[in-house]
Amino acid sequence: MKINIKKIQNGTYNYSETHEFKAVEINDYKGSYIVWIELTKTDEQIHIKNKVETKYLAACDRCLEEFENETESEFELIFIFGTNKQKLEDDNTKFIDQETEYIDITQDIRDYVILSFPMQHICKEDCKGLCPRCGKDKNKEKCTCEEEVYNPLWDKLKDIKLS
């Protein structure tokens, strides 16, 4: 998303846009995001507050059923007018030239959308998943497999006395 900063005066501006994930080159998920931006421009800097909400389809990591999931993330970016090229420790603060026409925050949006995805996609908190032996979905039907599998390789460990 490119924001034209050359034509705006000092003050606060609000933007919002909706895009498919393809716009930020996220191809692993089908879905979209909405970004709300509050841009504040002064003579010294541009401060951008962003809120990104996503809706996407994911396969549950327990039962493999596809479901719609939603995430949300917020982040801020600061663009300081100046030619100081010193290395900043904060990745969200950057120096830009006074003559800069556009600020491109596409990569920042992509990064925060990806970071908002959970490590595990679970369709519901009490999802029982698939039986590891027969593959039946335990949410839909009861399986008759034995819960515990005996392996004689571990018998020696039973003899160990702790404390």
# chains A, B, ... in the order shown; residues from 1 in each chain; ligands from 1

call {"tool": "residues_around", "arguments": {"residues": "A:Lys128", "least_positions_apart": "4", "cutoff": "12 Å", "atoms": "only C-alpha atoms", "output": "PyMOL selection string"}}
result
chain A and resi 60-65+122-124+132+135-143

call {"tool": "closest_atom_pairs", "arguments": {"of": "stretch 55-120 of chain A", "to": "stretch 5-14 of chain A", "cutoff": "8 Å", "atoms": "only C-alpha atoms", "output": "Markdown table"}}
result
| residue | atom | partner | partner_atom | distance |
| --- | --- | --- | --- | --- |
| A:Glu99 | CA | A:Lys6 | CA | 7.4 |
| A:Thr100 | CA | A:Lys6 | CA | 6.7 |
| A:Glu101 | CA | A:Lys6 | CA | 4.7 |
| A:Tyr102 | CA | A:Ile5 | CA | 5.6 |
| A:Ile103 | CA | A:Ile5 | CA | 6.9 |

call {"tool": "select_by_dssp", "arguments": {"residues": "chain A", "states": "helix (DSSP H, G or I)", "output": "ChimeraX atom specification"}}
result
/A:21-24,106-116,152-158

call {"tool": "residues_around", "arguments": {"residues": "A:Val24", "least_positions_apart": "4", "cutoff": "9 Å", "atoms": "only C-alpha atoms", "output": "PyMOL selection string"}}
result
chain A and resi 1+19-20+106-107+109-110

call {"tool": "write_last_selection", "arguments": {"atoms": "C-alpha atoms", "output": "compact mmCIF listing (two decimals), in the first residue's frame"}}
result
# COMPACT_ATOMS: atom_id res chain seq x y z
CA MET A 1 0.00 0.00 0.00
CA HIS A 19 -7.43 -6.48 0.00
CA GLU A 20 -7.05 -10.15 -0.75
CA THR A 106 3.07 -3.06 1.82
CA GLN A 107 5.92 -5.13 3.27
CA ILE A 109 1.47 -4.97 6.39
CA ARG A 110 2.54 -8.36 5.01

call {"tool": "select_by_dssp", "arguments": {"residues": "chain A", "states": "strand (DSSP E)", "output": "JSON, numbers by chain"}}
result
{"A": [2, 3, 4, 11, 12, 13, 14, 15, 16, 17, 18, 19, 20, 30, 31, 32, 33, 34, 35, 36, 37, 38, 39, 40, 41, 45, 46, 47, 48, 49, 50, 51, 52, 53, 54, 55, 56, 57, 58, 59, 66, 67, 68, 69, 70, 71, 72, 73, 74, 75, 76, 77, 78, 79, 80, 81, 93, 94, 95, 96, 102, 103, 104]}

call {"tool": "closest_residue", "arguments": {"among": "A:Glu17, A:Glu76, A:Asp155, A:Asp108", "to": "A:Leu39", "atoms": "only C-alpha atoms"}}
result
A:Glu76
